[in-house]
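S.K.: Can you keep this structure in mind? I'll have questions shortly.
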Number of protein chains: 2
Amino acid sequence: VIPAIDETHNSELRSWVDSANTPTTDFPVQNLALGLFRVMNGRARPGVAIGDQILDLTAVVDLKLLDGAEARLVEACASDGALNPLLAAGPEQMRSLRSALSLLLRDDSAQGRTAREHTATLLVPTVDAELLVPVRIGDYSDFYTSIHHASNVGRMFRPDNALLPNYKWVPIGYHGRASSIIPSGEGVHRPSGQTRDDSRALPVFGPSRRLDYELEVGVIIGRGNALGAPIPIASADTHIAGLCLVNDWSARDIQTWEYQPLGPFLAKSFATTISPWLVTLDALAPFRVPLATRGPDDPAPLAYLDDASDRSHGGFAIELSVWLTSAPMREAKRAPFLVSTGRYESSVYWTPAQLVAHHTSNGCNLRPGDLLATGTVSGPTPESRGCLLERTWRGSEPLTLPTGETRRFLEDGDEVSMRGRCERPGFRPIGFGECRGIVSG
Amino acid sequence: VIPAIDETHNSELRSWVDSANTPTTDFPVQNLALGLFRVMNGRARPGVAIGDQILDLTAVVDLKLLDGAEARLVEACASDGALNPLLAAGPEQMRSLRSALSLLLRDDSAQGRTAREHTATLLVPTVDAELLVPVRIGDYSDFYTSIHHASNVGRMFRPDNALLPNYKWVPIGYHGRASSIIPSGEGVHRPSGQTRDDSRALPVFGPSRRLDYELEVGVIIGRGNALGAPIPIASADTHIAGLCLVNDWSARDIQTWEYQPLGPFLAKSFATTISPWLVTLDALAPFRVPLATRGPDDPAPLAYLDDASDRSHGGFAIELSVWLTSAPMREAKRAPFLVSTGRYESSVYWTPAQLVAHHTSNGCNLRPGDLLATGTVSGPTPESRGCLLERTWRGSEPLTLPTGETRRFLEDGDEVSMRGRCERPGFRPIGFGECRGIVSG
């Protein structure tokens, strides 16, 4: 059940918001990404990204430019302070809202002409707004879907046995921490923790010296499922509201000492940054592709993870990139340094639908707004490795920044920014906006 | 900052609720455990366990038998449908409410005499009520604090290396699943999942054949902390609202195949049962003891985990027991079978205060209502092992039930009930009520 391509994806559409018609924007009228913002510490309001502006959905409803079920859902989100009521309403409602928003923001519709007359009431410049975490995340689950990441990490720590025997059968995942998920732009404190330099030393407690980022794609759950009622893979897409970017900040030295036998814990739970815009599954319909990671000799997925539509369209064509700006670079007004660039569909081994089917296969209930993340998205080349641990190969191949500084791991003052962009001939490119954070000591 | 023993703990106190004065009740007037209940699918209401009755706190406020800040907190909990507003208010407010409730339920106070006149309005028989999960749990973290459990499991899976080198330094824990935490009495579906019998077989998907329980103690967080602001161990107790019992149901065959390298995931996330009553830290004041698990040759805890008061009073004297009733036993009206009995303070290596200090040491924020669990509480003897994996030593030493049935792991229809009780000469014993669930196929 892959969302269909329809008139809202027509590449000819233009918006009456001029900045949405530039070739480089992440947010043309074909995207209609949903978010939550506030101005001057006011109430959280639902909005739509359009060029460099936000369409204020509460203002849209106040002006009666939306009505019926769509207006009630906007009001419910405003009152809830999160997009969860819309997610819970399900894919048909999300598609109805998308159609209405498309008409409202096009420059060739009656609705668009009316809206344009209320520009000052309806639009908020994105630079003037505080962008919030768009959904209330009940549970956050982090997976390990990039086979190149799993192989690289495996090679570093288990040279004889890089990829564990379960990897090509089980979408490996673990529970993450929901309370410390923060919006793009919020600062990240360098965590303290226990570390041990080598097996002869005594452990010590202090600030992490191996702070890292992890480039990930987030899957935001729409309609949930009841406890005890697994979601079949054939309908898994109808439970996915959309995607975002995730930076799963990681303290490698804390992780090394703590993670046996129950997995990562404090090495991750100090902060996870998510990008502010929910790019809906509908917006992504033109960019559905098969994954390119399963080899001819790989085992077929077990039946509960296998579906014809998922095999042909389960992935997403997304170019992902990571940029770093050190404090000296910022002072010298240098451009951000491109650390890595890679592609989602040639990195991950399991599709979002497979993650949903697997996660619920034991009866576990997902709730609207839950976050499933891919784990570090690393591709097959050194330039496409999605964390410094891999990019600098445990620090043995440091990066040199334009200022001459070197980086093995993150330093205080470093800003990490992640971007994601979907392009396909015949369609208008769309993007995810920025997932950004600065490390402080 | 250990809560003080005061007049509310006086063993001479009696309640006007007769069943609270029996020697065997878990809920004498010295306990005053807090919960959430509803009758006939009505609204969730905050209540206090007293003997075999529930004191309906909303009715108490309606009758103006509580006022001021305590009444407002009760109303906030009723409106929120959870005890979180009370927890967030902090330990002083919780202690004020306890003092007021003690006076209201004593048989020798003016308040008690007035309350007694309204017995029919104020009391609901516990058997007529549905007991709910008392708090809204944002995040659930599960630890591995029982050194006997860690050693037993280590011996089974890593004979040369039973206790990993980090165990006596790091309170090992991992994130659990919050969405599938269910109240005592709710049925548990046997999960399906991927399992592999041995390293030559292909994995298969189907119902777990090694379903287990795990006896744990839960720590419910009161006042939270801000992201980036660790809680020092000396004040950790002021962030703990109280304790409850937890059954962390586990599918051992799913766990074995999935858990490398990121820890348990679907083997646990299908259900976690918690007991319905929050036994407050104040109620537990008379039962504070040092832990008995740290040997003279063990390393001293690192400074952030070390505190004089925690060393002398960081533990709790709790006798824990697990009871099993099979479907044939239920049909034959047999009494539950006592599977194990042990003591918290001679099983766990890390105190609740140490768990709080460790969990927040990296800046991670805890929120009111968050659940931290101990992990399986196993003692030094076979009779005190808190899960079937250990109790039957991976199924090699099956239990024989009174009907002649044997158990390696749980069968459909099995009911598991856990109890906890605190006793100390000179004080009235208190208990936790039941943590109970029946497995269905």
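Chain labels run A, B, ... following the order of the structure tokens; each chain numbers its residues from 1, and ligands are numbered from 1 in the order shown.
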List as a list in words the protein and nucleic acid residues near Gly68 (chain B), meaning an atom at most 12 Å away when only C-alpha atoms are counted, but skip any in the same chain fewer than 6 places from it.

M.R.: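 Non-adjacent residues within range: Val61, Val74, Glu75, Gln93, Ser96, Leu97 and Ala100 of chain B.
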
S.K.: Quick one: contact table of chain A to chain B, 6 Å max, nearest atom pair and distance in Å to one decimal per residue, counting only C-alpha atoms, chain and number order, as a Markdown table?

M.R.:
| residue | atom | partner | partner_atom | distance |
| --- | --- | --- | --- | --- |
| A:Tyr174 | CA | B:Phe265 | CA | 5.3 |
| A:His175 | CA | B:His175 | CA | 5.2 |
| A:Gly176 | CA | B:His175 | CA | 5.9 |
| A:Pro191 | CA | B:Asn362 | CA | 4.6 |
| A:Ser192 | CA | B:Asn362 | CA | 4.9 |
| A:Gly193 | CA | B:Asn362 | CA | 5.8 |
| A:Leu262 | CA | B:Gly263 | CA | 4.3 |
| A:Gly263 | CA | B:Leu262 | CA | 4.3 |
| A:Phe265 | CA | B:Tyr174 | CA | 5.3 |
| A:Ser269 | CA | B:Cys364 | CA | 5.8 |
| A:Phe270 | CA | B:Cys364 | CA | 4.6 |
| A:Asn362 | CA | B:Pro191 | CA | 4.6 |
| A:Gly363 | CA | B:Phe270 | CA | 5.5 |
| A:Cys364 | CA | B:Phe270 | CA | 4.6 |

S.K.: So, counting only C-alpha atoms, which residue among A:Asp107, A:Asp52, A:Asp128, A:Asp62 is closest to Met40 (chain A)?

M.R.: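 Once distances to Met40 (chain A) are computed over only C-alpha atoms, the minimum belongs to A:Asp128.
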
S.K.: Mind pulling up the distance from CA of Pro368 (chain B) to CA of Gln53 (chain B)?

M.R.: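 Atom-to-atom, CA of Gln53 (chain B) and CA of Pro368 (chain B) are spaced 26.7 Å apart.
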
S.K.: Could you check how far CA of Arg436 (chain A) sits from CA of Glu186 (chain A), in Å to one decimal?

M.R.: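 CA of Arg436 (chain A) sits 7.8 Å away from CA of Glu186 (chain A).
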
S.K.: Using the chain letters and numbers from this document, which residues of region 89-295 of chain A does DSSP assign to strand (DSSP E or B), as a ChimeraX atom specification?

M.R.: /A:106,123-125,130-131,140-143,146,173-175,181-183,188-189,192-195,204-207,211-212,215-221,240-247,250-251,272-274,278-280,288-289

S.K.: Taking only C-alpha atoms into account, name the residue in A:Glu12, A:Asp237, A:Glu397, A:Asp212 that is nearest to Asp108 (chain A).

M.R.: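 That would be A:Glu12, the residue with the smallest distance to Asp108 (chain A).
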
S.K.: What is the CA of Thr22 (chain B)-CA of Leu101 (chain B) distance in Å, reported with one decimal?

M.R.: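 Separating CA of Thr22 (chain B) from CA of Leu101 (chain B) is a distance of 19.1 Å.
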
S.K.: Using backbone DSSP assignments, extract all alpha helix (DSSP H) residues from region 321-383 of chain B; output them as a PyMOL selection string.

M.R.: chain B and resi 327-331+352-360

S.K.: Considering only C-alpha atoms, return as a ChimeraX atom specification whatever protein or nucleic-acid residues lie within 10 Å of Leu103 (chain A), sequence-local ones (same chain, fewer than 3 positions apart) excluded.

M.R.: /A:8,15,29,98-100,106-113,115

S.K.: Could you please take those selected residues and save N, CA and C atoms as a PDB file, in the first residue's frame?

M.R.:
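So again-v7.pdb came out as:
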ATOM      1  N   THR A   8      -0.837  16.629  -6.538  1.00  0.00           N
ATOM      2  CA  THR A   8      -0.009  17.428  -5.612  1.00  0.00           C
ATOM      3  C   THR A   8       1.481  17.293  -5.910  1.00  0.00           C
ATOM      4  N   SER A  15       4.052  28.006  -6.278  1.00  0.00           N
ATOM      5  CA  SER A  15       3.364  28.584  -5.133  1.00  0.00           C
ATOM      6  C   SER A  15       3.331  30.104  -5.234  1.00  0.00           C
ATOM      7  N   VAL A  29       6.076  23.674  -3.173  1.00  0.00           N
ATOM      8  CA  VAL A  29       4.668  23.351  -2.887  1.00  0.00           C
ATOM      9  C   VAL A  29       4.400  21.844  -3.041  1.00  0.00           C
ATOM     10  N   ARG A  98      -3.268  17.188   2.980  1.00  0.00           N
ATOM     11  CA  ARG A  98      -2.268  17.523   1.956  1.00  0.00           C
ATOM     12  C   ARG A  98      -2.925  18.135   0.716  1.00  0.00           C
ATOM     13  N   SER A  99      -4.008  17.527   0.254  1.00  0.00           N
ATOM     14  CA  SER A  99      -4.698  18.052  -0.938  1.00  0.00           C
ATOM     15  C   SER A  99      -5.181  19.475  -0.687  1.00  0.00           C
ATOM     16  N   ALA A 100      -5.757  19.698   0.479  1.00  0.00           N
ATOM     17  CA  ALA A 100      -6.266  21.036   0.801  1.00  0.00           C
ATOM     18  C   ALA A 100      -5.124  22.042   0.892  1.00  0.00           C
ATOM     19  N   ARG A 106      -0.898  26.801  -3.865  1.00  0.00           N
ATOM     20  CA  ARG A 106      -0.636  26.938  -5.306  1.00  0.00           C
ATOM     21  C   ARG A 106      -0.972  28.353  -5.769  1.00  0.00           C
ATOM     22  N   ASP A 107      -0.309  28.762  -6.857  1.00  0.00           N
ATOM     23  CA  ASP A 107      -0.600  30.114  -7.367  1.00  0.00           C
ATOM     24  C   ASP A 107      -1.672  30.105  -8.458  1.00  0.00           C
ATOM     25  N   ASP A 108      -2.209  28.910  -8.761  1.00  0.00           N
ATOM     26  CA  ASP A 108      -3.174  28.838  -9.871  1.00  0.00           C
ATOM     27  C   ASP A 108      -4.545  28.349  -9.423  1.00  0.00           C
ATOM     28  N   SER A 109      -4.815  28.451  -8.113  1.00  0.00           N
ATOM     29  CA  SER A 109      -6.105  27.968  -7.610  1.00  0.00           C
ATOM     30  C   SER A 109      -6.867  29.127  -6.969  1.00  0.00           C
ATOM     31  N   ALA A 110      -8.171  28.974  -6.899  1.00  0.00           N
ATOM     32  CA  ALA A 110      -8.987  30.002  -6.235  1.00  0.00           C
ATOM     33  C   ALA A 110      -8.587  30.131  -4.771  1.00  0.00           C
ATOM     34  N   GLN A 111      -8.368  28.964  -4.116  1.00  0.00           N
ATOM     35  CA  GLN A 111      -7.967  28.984  -2.712  1.00  0.00           C
ATOM     36  C   GLN A 111      -6.641  29.711  -2.528  1.00  0.00           C
ATOM     37  N   GLY A 112      -5.722  29.487  -3.460  1.00  0.00           N
ATOM     38  CA  GLY A 112      -4.416  30.132  -3.393  1.00  0.00           C
ATOM     39  C   GLY A 112      -4.536  31.636  -3.542  1.00  0.00           C
ATOM     40  N   ARG A 113      -5.399  32.068  -4.466  1.00  0.00           N
ATOM     41  CA  ARG A 113      -5.553  33.518  -4.659  1.00  0.00           C
ATOM     42  C   ARG A 113      -6.123  34.165  -3.396  1.00  0.00           C
ATOM     43  N   ALA A 115      -5.845  32.973  -0.291  1.00  0.00           N
ATOM     44  CA  ALA A 115      -4.827  32.910   0.764  1.00  0.00           C
ATOM     45  C   ALA A 115      -3.801  34.030   0.592  1.00  0.00           C
TER      46      ALA A 115
END

S.K.: Show me a table, sorted first by chain and then by increasing residue number, of the residues of region 143-242 of chain A having an atom at most 10 Å from region 306-318 of chain A, each with its shortest atom pair and the distance in Å to one decimal, counting only C-alpha atoms and written as a tab-separated table.

M.R.:
residue	atom	partner	partner_atom	distance
A:Val217	CA	A:Ile318	CA	9.6
A:Pro232	CA	A:Asp307	CA	9.5
A:Ile233	CA	A:Asp307	CA	6.6
A:Ala234	CA	A:Asp307	CA	6.1
A:Ser235	CA	A:Asp307	CA	9.8
A:Ala236	CA	A:Asp310	CA	9.5
A:Asp237	CA	A:Gly314	CA	8.9

S.K.: Would you please work out which residue, of A:Leu320, A:Met329, A:Asn152, A:Asn247, is nearest to Thr272 (chain A) when using only C-alpha atoms?

M.R.: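 Once distances to Thr272 (chain A) are computed over only C-alpha atoms, the minimum belongs to A:Asn247.
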
S.K.: Which residues are close to Trp323 (chain A), i.e. within 6 Å by only C-alpha atoms, leaving aside same-chain residues fewer than 6 positions away? Reply as a ChimeraX atom specification.

M.R.: /A:336-339,416-417

S.K.: Hey, which of A:Ser11, A:Ser378, A:Ser347, A:Asn225 ends up closest to Arg424 (chain A)? Count only C-alpha atoms.

M.R.: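 Closest to Arg424 (chain A), using only C-alpha atoms: A:Ser11.
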